[in-house]
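*Asks:* The structure follows.
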Amino acid sequence: MNSRFSIAVPVGAWHDLLPANLASLRAQNVPVSVALLDASGDPRVVELADRHGDFLRYRRHGPDEGQSDAILEGWANAPGDILGWLNADDVLMPGALGLALEQFEAKSALDVVYGHSLIIDETGAMTGYHFAVEPPSARLYEAGIISQPSCFFRRKSYERAGGLDRSLHYVMDWELWIRMMKSGARFGFIDAPLSMVLWGGETKTASFNRRRREEIRSVLAAHAPEGKQGGVFRAFALHTLTERLQPPALRKAVLRRLRRGGQAIYGVGADGRLQTRAKLFLAHFSDAPKSGFSLEVDGDPRALRVASEGVALAAAARRGALDVALERPLEAGRLVVADIALASDARVFLKRCAWI
């Protein structure tokens with residue numbers, strides 16, 4: 001069966017989430033051509049690629065000219081009329097490509113589809129949702145409203161817009177979406193989480209070095225309304241700087257204050273506050289099944305009630321956490337949706353949700 005999807009996986013350095021990355025691609029419910037572009041020089045990447053040798057359509061181990069160059073090489077060598085890419089620390093949710101394909105097939109006029117993303121930490125534990133994601137609009141010209149690992153687009157529309165800019169390292173995704181929108185591409189939104197994305201101090205989006213600042217300014221100058229360019233740039237700077245604050249307690253307090261009042265995704269606020277109803281979409285790609293998960297919170301965990309359709313749960317509160325046991329161990333590539341009910345007078349913030 002021919003693959004509809006061509007997914008490039010550029011690897012600049014080994015990351016502990018890379019095995020989950022490839023496992024999540026392998027577990028998708030539609031055919032996919034995967035190209036692994038490895039410039040790390042790390043033997044662990046070669047060993048991992050060997051284990052997936054029967055699955056990878058294309059692989060290259062050796063230097064390249066940067067991430068954009070690697071992605072382009074991948075798409076050129078992995079057939080598929082729908083494109084996307086995952087960084088080494090990105091993981092697809094179960095069934096993500098199937099949901100995207102359903103949208104493309106149901107609405108033939110669509111050129112781009114995207115959805116929500118879970119935010120995870122270095123251990124793979126969920127810390128929230130990508131709170132900036134929103135349905136398509138002209139706000140794309142002034143804000144990153146699309147989560148790149150959760151975005152897929154038709155090759156012909158991508159080529160019509162001029163393709164990926166090889167000279168960009170930090171904002172090539174955002175700049176591409178803007179050019180595609182300006183070229184007439186039609187965007188569709190899927191109200192479902194399609195990927196897990198690492199936010200951390202060592203990720204590219206946490207950097208605010210000279211090159212990233214220049215790239216952001218160039219995109220804003222070319223596309224954002226003139227009166228908003230300064231404010232948008234300051235928002236990028238503030239987000240980056242606060243993410244790097246130390247100690248962690250100070251960072252948490254500042255981020256919570258800045259994000260207070262931001263949009264809530266599935267009942268989880270931008271500041272982590274849980275609404276009276278919330279949903280957590282949980283999946284893993286570990287070799288061993290998972291028997292449960294732990295909700296670590298700021299607030300009283302006894303105010304939480306957790307249920308999941310078709311899955312029996314047993315919960316036990318302890319200091320700062322609610323431990324939830326599954327009736328049956330959860331295999332890799334399966335999804336559990338935890339429905340959370342919170343007492344209306346309670347004030348509880350999600351810190352992280354980790355498998356146990």
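Labeling convention for the structure tokens: chains A, B, ... as they appear, residues from 1 per chain, ligands from 1 in order of appearance.
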List the neighbours of Gly98 (chain A) out to 8 Å using only C-alpha atoms; skip same-chain residues closer than 2 positions along the sequence, and give me the result as an MDAnalysis selection string.
*Replies:* chainID A and resid 28:30 95:96 100:102
*Asks:* Write out as a ChimeraX atom specification the residues lying within 8 Å of region 322-338 of chain A, counting only C-alpha atoms and excluding same-chain residues fewer than 2 positions away.
*Replies:* /A:24,27,93-94,279-296,301-302,304,306-309,311-318,320,340
*Asks:* Give me, as a list of chain:residue names, the residues of region 138-276 of chain A that a backbone DSSP run labels strand (DSSP E or B).
*Replies:*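 Across region 138-276 of chain A, those assigned strand (DSSP E or B) are A:Cys151, A:Phe152, A:Phe153, A:Arg154, A:Phe187, A:Gly188, A:Phe189, A:Ile190, A:Asp191, A:Ala192, A:Pro193, A:Leu194, A:Ser195, A:Met196, A:Val197, A:Leu198, A:Ile265, A:Val268, A:Arg273, A:Leu274.
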*Asks:* So which residues touch Asp121 (chain A) within 9 Å, counting only C-alpha atoms, skipping near sequence neighbours fewer than 6 positions away, as a list in words?
*Replies:*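 The neighbour list is Thr127, Val197, Leu198, Trp199, Gly200 and Arg352 of chain A.
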*Asks:* Give the answer as one residue: which of A:Leu36, A:Arg234, A:Leu350, A:Gly84 has the shortest atom-to-atom distance to Gly267 (chain A), using only C-alpha atoms?
*Replies:*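 Closest to Gly267 (chain A) of all the choices is A:Leu350.
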*Asks:* DSSP on the backbone: what in region 26-152 of chain A comes out alpha helix (DSSP H), as a ChimeraX atom specification?
*Replies:* /A:26,43-51,67-77,96-106
*Asks:* Could you check which of A:Trp355, A:Phe153, A:Tyr158, A:Phe233 is closest to Arg4 (chain A), using only C-alpha atoms?
*Replies:*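 Of the candidates, the smallest distance to Arg4 (chain A) is held by A:Phe153.
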*Asks:* Just want the 8 Å neighbourhood of Phe131 (chain A), counted on only C-alpha atoms, with same-chain residues fewer than 3 positions away dropped. Output as a PyMOL selection string.
*Replies:* chain A and resi 262-265+269-270
*Asks:* Which residue out of A:Leu37, A:Leu17, A:Val46, A:Met172 has the minimum interatomic distance to Pro63 (chain A) when only C-alpha atoms are used?
*Replies:*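 Looking only at the distances to Pro63 (chain A), the closest residue turns out to be A:Leu37.
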*Asks:* Which neighbours of Asp191 (chain A) fall inside 12 Å, counting only C-alpha atoms, when residues of the same chain fewer than 6 positions from it are skipped, and could you give them as a list of chain:residue names?
*Replies:*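 Here the qualifying residues turn out to be A:Ala96, A:Leu99, A:Ala100, A:Gln103, A:Val113, A:Tyr114, A:Gly115, A:His116, A:Ser117, A:Val133, A:Glu134, A:Pro135, A:Pro136, A:Ser150, A:Ile265, A:Tyr266.
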*Asks:* Give me, as a ChimeraX atom specification, all polymer residues having an atom no more than 8 Å from Leu164 (chain A), counting only C-alpha atoms and skipping those fewer than 3 positions away in the same chain.
*Replies:* /A:68,72,172-173,176
